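Below is one structure, written out as structure tokens; comments come after it.
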Amino acid sequence: MQRIKLKGYEKSIRKFWGQYMESKLGLLGLSILLFFIFISAFAEVLAPFPVGPMQGDRKAILKPPSSKYVLGTDELGRDMLSIIIHGGRVSLTIGSLATLMTALIGTLIGVSAGYFGGRTEELLMRFTDVLLVIPGLPLMIVLASILGATFWNMIFVIGILGWTGTARVLRAQVLSLKEKPFIESARAIGASDARIIGRHILPNVLPLIVAQMVLRVGSSILSASSLSFLGLGDPTHLSWGMTLHYAFSVGALFSNFYWYLLTPGFCITLVVLAFTFVGYALDQIVNPRIRRR
Amino acid sequence: MLDVQNLKTYFTTRGGAVKAVDDVSLQLDKGDALGLAGESGCGKTTTALTIMHLLPSNAEVLSGKILFGDVDLLTIDEERLRKEFRWKRMSMIFQGAMNALNPVFRVGDQIRQAILTHEDIAKASAWERVEELFSLVGINPDRARDYPHEFSGGMKQRAIIAMSLACNPDLVIADEPVTALDVIVQAQILELMRSLREKLGLSMIMITHDLSVIADTCNKAAIMYAGKIVERADIVAIFKHPEHPYTQGLIANFPSISGEKKGFEPISGSPPNLISPPAGCRFHPRCPYAEEICRKEEPEIVEIKRGHFVACHPKK
Amino acid sequence: MSSEEIIVRVRNLRKWFPVRTGLLHGLISREKRYVKAVDGISFDIKKREIYGLAGESGCGKTTTGRVILRLLEPTAGEVHLGKQDVFALTKRELNELRKRAQIIFQDPYESLDPKMNIFDFVAEPLVVHKIGNEEELVANALKTVELTPPEEFFYRFPHELSGGQRQRVAIARAMILNPEFIVADEPVSMLDVSIRSSILKLMFKLRDEMGISYLYITHDLATARQVCDRTAIMYLGKFAEETTTEELLKNPLHPYTKALVAAVPVPDPTARKSKVVISGEIPSPIDLPPGCRFRPRCPYAMEICKREEPSLVEVESNHKVACHLM
């Protein structure tokens, strides 16, 4: 029986993958992501030079790209390519963990508001609206300044403020699900609210949560990069945003150290785009309203 | 008036070609009301859309003729079809059209738009025509300025019928025109359609799965199954002397509020997959009279009595 | 044949839905408006009986089914299932009640959880009520609803099944706890005609073998005739007429019933055509005029019909009508 059960799920997965493959953007995004994930995972092996603050080549400060330093060097003589490879890991990790946090909070709030309705919904949604109204980045800057610039604080700050969109989308989905006969059927057999939410509502909104999450990672990475760029990042973790920050602090823009600016900027853009493509492809499959037949 | 010959319309999908309409032939004389009956997925709506040339992009008409008068609609170009035929000589009441009225436009405006698209007349004259049409279908002409949400279900359907009559067609194809309506409103609409047929000399194709509606309004009927016509005859012959086992099954199972109380003799099995239908006669897996030849050869549609056509091996 | 034991007893059932008034209106007047979906109905369902509740949209039949099972809280009235007073039960007792009374829905495409496989779906009542032995009971349930071999259906998902098969799954889930009473809300109206008979036949089988009584909600009088022993006609929240189904169709007494019977088309081209004997459409259930609800459309309306609402009275043997004409 277990074997047949697995076969049932295998069919669903295959069907999903078949649909995903139809999206060229989705495949492109996925390839880019896999590439960056791969180099981040194997950063130690792939980076040609070490990136510790004391490990730079004093004789090669701010050198443009050459055959030895393929993407040039920074102000401490460190190889840009290695910095970028390591930085990818930091940026992706911050983005993913922050997104996990927003997904959890957003789901909790969105599902509760949608399912329980009444005053609970009013309260939660008005609270969400307030947070939506306050400009995101300035608020993050304020919080980050107060809490201090560390790796975990940054994840917290981005996570605690990024859940509003997810909450709204989920609430809408839960509202429409609630009216479906199979939910009424669950109540008719005596299922508790907990069971209905856990067994019926969540599995049906999970695809939407995942699609939302993928889209949010891109935006989390952007937020993290912005905060780092403004100097609120953790100096011990060299993310792409931090690299940009240092680039500016040594006047890269005016002194034409183009390799110092373009590389991290290009990587941030590419990764965010990739997440957006994948999220878009997932949304096409998963969102019942825009799904093409 | 309308002679459909050997029509084949297939859809291309990810899973293969769906043989939605597979060698369908129909005939309609002027003044006829032909009931096209069958269950969901049998191809009746696709047949109608093919006649109106309103198929989606993944559909393809592979063969056949649609002779309207003496013009083959499949051979003329889109421009001529739109100018001379569509909505002017034949129009359609789409399934669920009453719910497809645009909520942000007045009902009268939407009907006027239909008129102006096909006829070159002044806006004011078109509006007059809209009011005339409203009276014709039994709605107070003043209501033409209302929005769809102000109309009841029955009124919306009347408006849709008015729209289909906008350019004085000879033929109206109605796809499930009363399915979503309450019993009494349904009777009102059926009565309206009967009287319009008489008054305007309309010919009609009534597509529905509801045999009682067909018995009530049509003088001829064609039964479709899995993309094919299995039986075709005048209305009394179909109901009183059905020849095809599927028709017999449908009629035996169709409940009625009067007459003999029907028992439960369900047709076993379920309608087939149109990508890979059964070999031979498509109905044979469910047929109580299936013979060896039914599994191998598709039966041709044959005139077994005057005006009574059946596609069935044992009946030949 | 049906014994005289009464399984479901409904008395003066009312369900009113408050109408949300606009902000301004809410500020100005204290008057509350209601949609009186169910407004005072009483009836009994006997053991092994299939009791039909028929009417057009908005008459309150669907709401009645929900309130009887307390899936919606009632506004007033009493419902007894056997000896239990349904509206007086505590939450735990109500949960116990769920084992005795179940519901089948109209839409086989929306009443199954798309993310749950068939086994889990049919087993869920067992899990909720902590009854073990799922594999055997689910297999038996699927066999009863003629989805065989059951193992082949265990791990399929709803979208892999046809409409008729899905409805069978819904029935399996409803009967797996051996209920005494099932509310069937238009169970076949969304199925193909050739499939309907087999589902209805299945419902009969459950009635014969398990002694289940049904409240059969429908808008289709022809199906009601096939299936229901007795039928009540509802109009705007009240009963217009109640009697055996055969009698109702052969000898309708209430003007509304007469209009309904005349309007239903018959699958016989040589029989009479459907006729319209009353005008207009169903009015809004908010702000009903005083007196008989049907009066605005009734061809026989009298003076008294404007003032007094007629009560449901037995005018012939086992034939109840709510009309001043009687």
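As shown in the structure tokens, the chain order sets the letters A, B, ...; within each chain, residues go from 1, and ligands are also counted from 1 in the order they appear.
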
Give me the chain B side of the contact with chain C, cut-off 10 Å, one line per residue showing its nearest atom pair and distance in Å at one decimal, counting only C-alpha atoms, sorted by chain and residue number, as JSON lines.
```
{"residue": "B:Gly38", "atom": "CA", "partner": "C:Val193", "partner_atom": "CA", "distance": 9.0}
{"residue": "B:Glu39", "atom": "CA", "partner": "C:Asp192", "partner_atom": "CA", "distance": 5.9}
{"residue": "B:Ser40", "atom": "CA", "partner": "C:Asp192", "partner_atom": "CA", "distance": 6.7}
{"residue": "B:Gly41", "atom": "CA", "partner": "C:Asp192", "partner_atom": "CA", "distance": 9.9}
{"residue": "B:Ser152", "atom": "CA", "partner": "C:Glu281", "partner_atom": "CA", "distance": 8.0}
{"residue": "B:Gly153", "atom": "CA", "partner": "C:Glu281", "partner_atom": "CA", "distance": 8.8}
{"residue": "B:Gly154", "atom": "CA", "partner": "C:Glu281", "partner_atom": "CA", "distance": 7.7}
{"residue": "B:Met155", "atom": "CA", "partner": "C:Glu281", "partner_atom": "CA", "distance": 9.4}
{"residue": "B:Leu181", "atom": "CA", "partner": "C:Ser57", "partner_atom": "CA", "distance": 8.9}
{"residue": "B:Asp182", "atom": "CA", "partner": "C:Glu56", "partner_atom": "CA", "distance": 5.7}
{"residue": "B:Val183", "atom": "CA", "partner": "C:Val264", "partner_atom": "CA", "distance": 6.4}
{"residue": "B:Ile184", "atom": "CA", "partner": "C:Ala263", "partner_atom": "CA", "distance": 5.7}
{"residue": "B:Val185", "atom": "CA", "partner": "C:Glu281", "partner_atom": "CA", "distance": 6.8}
{"residue": "B:Gln186", "atom": "CA", "partner": "C:Ala263", "partner_atom": "CA", "distance": 7.8}
{"residue": "B:Ala187", "atom": "CA", "partner": "C:Ala263", "partner_atom": "CA", "distance": 5.3}
{"residue": "B:Gln188", "atom": "CA", "partner": "C:Val276", "partner_atom": "CA", "distance": 6.1}
{"residue": "B:Ile189", "atom": "CA", "partner": "C:Val276", "partner_atom": "CA", "distance": 9.6}
{"residue": "B:Leu190", "atom": "CA", "partner": "C:Ser274", "partner_atom": "CA", "distance": 8.1}
{"residue": "B:Glu191", "atom": "CA", "partner": "C:Lys275", "partner_atom": "CA", "distance": 7.5}
{"residue": "B:His209", "atom": "CA", "partner": "C:Val193", "partner_atom": "CA", "distance": 7.5}
{"residue": "B:Asp210", "atom": "CA", "partner": "C:Val193", "partner_atom": "CA", "distance": 8.1}
{"residue": "B:Leu211", "atom": "CA", "partner": "C:Pro267", "partner_atom": "CA", "distance": 5.7}
{"residue": "B:Ser212", "atom": "CA", "partner": "C:Pro267", "partner_atom": "CA", "distance": 3.8}
{"residue": "B:Val213", "atom": "CA", "partner": "C:Pro265", "partner_atom": "CA", "distance": 6.0}
{"residue": "B:Ile214", "atom": "CA", "partner": "C:Pro267", "partner_atom": "CA", "distance": 7.6}
{"residue": "B:Ala215", "atom": "CA", "partner": "C:Pro269", "partner_atom": "CA", "distance": 4.5}
{"residue": "B:Asp216", "atom": "CA", "partner": "C:Lys273", "partner_atom": "CA", "distance": 5.6}
{"residue": "B:Thr217", "atom": "CA", "partner": "C:Lys273", "partner_atom": "CA", "distance": 8.1}
{"residue": "B:Cys218", "atom": "CA", "partner": "C:Pro269", "partner_atom": "CA", "distance": 8.4}
{"residue": "B:Asn219", "atom": "CA", "partner": "C:Pro269", "partner_atom": "CA", "distance": 8.5}
{"residue": "B:Ile235", "atom": "CA", "partner": "C:Pro269", "partner_atom": "CA", "distance": 6.7}
{"residue": "B:Val236", "atom": "CA", "partner": "C:Pro269", "partner_atom": "CA", "distance": 6.0}
{"residue": "B:Ala237", "atom": "CA", "partner": "C:Pro269", "partner_atom": "CA", "distance": 9.5}
{"residue": "B:Ile238", "atom": "CA", "partner": "C:Pro269", "partner_atom": "CA", "distance": 9.4}
{"residue": "B:Phe239", "atom": "CA", "partner": "C:Asp268", "partner_atom": "CA", "distance": 6.5}
{"residue": "B:Lys240", "atom": "CA", "partner": "C:Asp268", "partner_atom": "CA", "distance": 8.0}
{"residue": "B:Tyr246", "atom": "CA", "partner": "C:Ser194", "partner_atom": "CA", "distance": 9.3}
{"residue": "B:Gly249", "atom": "CA", "partner": "C:Ser194", "partner_atom": "CA", "distance": 7.7}
{"residue": "B:Leu250", "atom": "CA", "partner": "C:Ser194", "partner_atom": "CA", "distance": 6.3}
{"residue": "B:Ile251", "atom": "CA", "partner": "C:Pro267", "partner_atom": "CA", "distance": 7.9}
{"residue": "B:Ala252", "atom": "CA", "partner": "C:Ser194", "partner_atom": "CA", "distance": 9.8}
{"residue": "B:Asn253", "atom": "CA", "partner": "C:Ser197", "partner_atom": "CA", "distance": 6.8}
{"residue": "B:Phe254", "atom": "CA", "partner": "C:Val193", "partner_atom": "CA", "distance": 7.3}
{"residue": "B:Pro255", "atom": "CA", "partner": "C:Ala222", "partner_atom": "CA", "distance": 5.2}
{"residue": "B:Ser256", "atom": "CA", "partner": "C:Ala222", "partner_atom": "CA", "distance": 4.8}
{"residue": "B:Ile257", "atom": "CA", "partner": "C:Ala222", "partner_atom": "CA", "distance": 4.6}
{"residue": "B:Ser258", "atom": "CA", "partner": "C:Val266", "partner_atom": "CA", "distance": 7.3}
{"residue": "B:Gly259", "atom": "CA", "partner": "C:Val266", "partner_atom": "CA", "distance": 9.0}
{"residue": "B:Lys261", "atom": "CA", "partner": "C:Gln226", "partner_atom": "CA", "distance": 7.0}
{"residue": "B:Lys262", "atom": "CA", "partner": "C:Gln226", "partner_atom": "CA", "distance": 7.0}
{"residue": "B:Gly263", "atom": "CA", "partner": "C:Gln226", "partner_atom": "CA", "distance": 7.6}
{"residue": "B:Phe264", "atom": "CA", "partner": "C:Ser197", "partner_atom": "CA", "distance": 5.7}
{"residue": "B:Glu265", "atom": "CA", "partner": "C:Ser197", "partner_atom": "CA", "distance": 7.0}
{"residue": "B:Pro266", "atom": "CA", "partner": "C:Ser197", "partner_atom": "CA", "distance": 5.2}
{"residue": "B:Ile267", "atom": "CA", "partner": "C:Ser194", "partner_atom": "CA", "distance": 5.9}
{"residue": "B:Ser268", "atom": "CA", "partner": "C:Ile195", "partner_atom": "CA", "distance": 8.1}
{"residue": "B:Gly269", "atom": "CA", "partner": "C:Ile195", "partner_atom": "CA", "distance": 8.4}
{"residue": "B:Ser270", "atom": "CA", "partner": "C:Ile195", "partner_atom": "CA", "distance": 7.4}
{"residue": "B:Pro271", "atom": "CA", "partner": "C:Ser194", "partner_atom": "CA", "distance": 9.2}
```

**Request:** Could you please tell me, as a PyMOL selection string, which residues of chain C have an atom within 10 Å of chain A when using only C-alpha atoms?
**Result:** chain C and resi 66+69-71+91-92+94-117+119+121+124-129+151-152+154-157+170+173-174+177

**Minimum-distance residue to chain B, chosen among A:Ser220, A:Glu22, A:Trp163, A:Leu97 (using only C-alpha atoms)** = A:Glu22

**Request:** Find the spatial neighbours of Asp170 of chain B, counting only C-alpha atoms, within a cut-off of 6 Å - ignore same-chain residues fewer than 2 positions away - and output them as a count of residues only.
**Result:** 3

Kindly assemble as a Markdown table a list of the chain B residues that lie within 12 Å of chain A, each paired with its nearest atom pair and their distance in Å to one decimal, using only C-alpha atoms, sorted first by chain and then by ascending residue number.
```
| residue | atom | partner | partner_atom | distance |
| --- | --- | --- | --- | --- |
| B:Thr13 | CA | A:Arg293 | CA | 10.4 |
| B:Arg14 | CA | A:Gly18 | CA | 10.1 |
| B:Gly15 | CA | A:Gly18 | CA | 11.7 |
| B:Asn58 | CA | A:Arg293 | CA | 11.7 |
```

**Message:** Considering only helix (DSSP H, G or I) as DSSP defines it on the backbone, what residues of segment 54-230 of chain A qualify? List them as a PyMOL selection string.
**Reply:** chain A and resi 80-116+118-133+136-147+151-161+164-178+181-188+193-230

**Item:** Closest of A:Tyr69, A:Phe277, A:Phe16, A:Phe257 to Leu244 of chain A - atom-to-atom distances counting only C-alpha atoms
**Value:**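 Ranking A:Tyr69, A:Phe277, A:Phe16, A:Phe257 by distance to Leu244 of chain A, first place goes to A:Phe257.
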
**Prompt:** Please, which residues of segment 31-276 of chain B, numbered as in this document, come out strand (DSSP E or B) from DSSP, as a PyMOL selection string?
**Reply:** chain B and resi 33-37+59-68+71-72+86+90-93+171-175+203-208+220-225+228-234

Output C-alpha atoms of each residue in that selection to a file, as an mmCIF file, in the first residue's frame.
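Printed below is out_5.cif as written:
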```cif
data_model
loop_
_atom_site.group_PDB
_atom_site.id
_atom_site.type_symbol
_atom_site.label_atom_id
_atom_site.label_comp_id
_atom_site.auth_asym_id
_atom_site.auth_seq_id
_atom_site.Cartn_x
_atom_site.Cartn_y
_atom_site.Cartn_z
ATOM 1 C CA ALA B 33 -36.191 23.340 -34.532
ATOM 2 C CA LEU B 34 -33.504 20.699 -34.222
ATOM 3 C CA GLY B 35 -32.661 19.431 -30.778
ATOM 4 C CA LEU B 36 -29.032 18.417 -30.432
ATOM 5 C CA ALA B 37 -28.923 16.216 -27.379
ATOM 6 C CA ALA B 59 -9.130 23.692 -32.590
ATOM 7 C CA GLU B 60 -8.893 22.658 -36.203
ATOM 8 C CA VAL B 61 -11.618 21.747 -38.686
ATOM 9 C CA LEU B 62 -10.141 18.837 -40.557
ATOM 10 C CA SER B 63 -12.823 18.109 -43.057
ATOM 11 C CA GLY B 64 -16.455 18.511 -43.955
ATOM 12 C CA LYS B 65 -18.847 21.044 -45.392
ATOM 13 C CA ILE B 66 -21.195 23.487 -43.755
ATOM 14 C CA LEU B 67 -23.681 24.517 -46.433
ATOM 15 C CA PHE B 68 -25.783 27.490 -45.503
ATOM 16 C CA VAL B 71 -22.550 28.630 -49.569
ATOM 17 C CA ASP B 72 -19.982 26.424 -47.849
ATOM 18 C CA ARG B 86 -22.359 35.750 -38.508
ATOM 19 C CA MET B 90 -27.186 33.002 -38.050
ATOM 20 C CA SER B 91 -26.552 33.869 -34.427
ATOM 21 C CA MET B 92 -25.897 32.049 -31.202
ATOM 22 C CA ILE B 93 -27.020 32.078 -27.607
ATOM 23 C CA LEU B 171 -31.051 30.630 -37.755
ATOM 24 C CA VAL B 172 -30.440 30.812 -34.026
ATOM 25 C CA ILE B 173 -28.295 28.270 -32.238
ATOM 26 C CA ALA B 174 -29.145 28.100 -28.534
ATOM 27 C CA ASP B 175 -26.674 26.327 -26.250
ATOM 28 C CA SER B 203 -35.041 28.071 -37.565
ATOM 29 C CA MET B 204 -33.361 26.864 -34.438
ATOM 30 C CA ILE B 205 -30.798 24.419 -33.174
ATOM 31 C CA MET B 206 -31.411 23.746 -29.479
ATOM 32 C CA ILE B 207 -28.412 22.220 -27.748
ATOM 33 C CA THR B 208 -29.089 20.635 -24.382
ATOM 34 C CA LYS B 220 -36.479 17.109 -34.933
ATOM 35 C CA ALA B 221 -33.713 15.678 -32.799
ATOM 36 C CA ALA B 222 -30.165 14.380 -33.167
ATOM 37 C CA ILE B 223 -28.456 12.436 -30.400
ATOM 38 C CA MET B 224 -24.705 12.785 -30.047
ATOM 39 C CA TYR B 225 -22.334 10.468 -28.258
ATOM 40 C CA LYS B 228 -20.615 11.273 -33.274
ATOM 41 C CA ILE B 229 -24.275 11.417 -34.190
ATOM 42 C CA VAL B 230 -25.797 8.093 -33.194
ATOM 43 C CA GLU B 231 -29.390 8.762 -34.121
ATOM 44 C CA ARG B 232 -31.321 11.424 -36.001
ATOM 45 C CA ALA B 233 -35.089 11.612 -36.646
ATOM 46 C CA ASP B 234 -38.191 13.661 -36.086
#
```

**Asked** Residues at most 6 Å from Glu297 of chain B, counting only C-alpha atoms, excluding those fewer than 3 positions away in the same chain, as a ChimeraX atom specification?
**Response** /B:280,293-294

**Prompt:** What is the distance between atom CA of Ala98 of chain A and atom CA of Phe156 of chain A, in Å to one decimal?
**Reply:**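 Rounded to one decimal, the two atoms are 6.6 Å apart.
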
**Item:** Within 9 Å of Arg106 of chain B using only C-alpha atoms, minus same-chain residues under 4 positions, as an MDAnalysis selection string
**Value:** chainID B and resid 102 110:111 144:148

For Gly77 of chain A, please output as an mmCIF file with N, CA and C atoms, in the first residue's frame all residues within 8 Å (counting only C-alpha atoms; exclusion window: fewer than 4 positions along the same chain).
```cif
data_model
loop_
_atom_site.group_PDB
_atom_site.id
_atom_site.type_symbol
_atom_site.label_atom_id
_atom_site.label_comp_id
_atom_site.auth_asym_id
_atom_site.auth_seq_id
_atom_site.Cartn_x
_atom_site.Cartn_y
_atom_site.Cartn_z
ATOM 1 N N GLY A 56 44.564 39.978 2.140
ATOM 2 C CA GLY A 56 44.681 40.611 0.829
ATOM 3 C C GLY A 56 46.140 40.764 0.406
ATOM 4 N N ASP A 57 46.320 41.001 -0.873
ATOM 5 C CA ASP A 57 47.659 41.178 -1.438
ATOM 6 C C ASP A 57 47.998 42.665 -1.414
ATOM 7 N N ARG A 58 48.852 43.092 -0.458
ATOM 8 C CA ARG A 58 49.105 44.515 -0.296
ATOM 9 C C ARG A 58 49.664 45.166 -1.543
ATOM 10 N N LYS A 59 50.224 44.334 -2.385
ATOM 11 C CA LYS A 59 50.828 44.934 -3.566
ATOM 12 C C LYS A 59 49.801 45.100 -4.706
ATOM 13 N N ALA A 60 48.522 44.615 -4.482
ATOM 14 C CA ALA A 60 47.575 44.654 -5.605
ATOM 15 C C ALA A 60 46.283 45.344 -5.193
ATOM 16 N N ILE A 61 46.411 46.537 -4.618
ATOM 17 C CA ILE A 61 45.217 47.238 -4.138
ATOM 18 C C ILE A 61 44.474 47.883 -5.296
ATOM 19 N N LEU A 62 43.153 47.677 -5.329
ATOM 20 C CA LEU A 62 42.265 48.307 -6.312
ATOM 21 C C LEU A 62 42.796 48.196 -7.733
ATOM 22 N N LYS A 63 43.208 47.006 -8.069
ATOM 23 C CA LYS A 63 43.684 46.780 -9.421
ATOM 24 C C LYS A 63 42.519 46.367 -10.325
ATOM 25 N N THR A 73 40.652 43.737 -7.881
ATOM 26 C CA THR A 73 40.818 43.588 -6.431
ATOM 27 C C THR A 73 40.169 44.747 -5.705
#
```
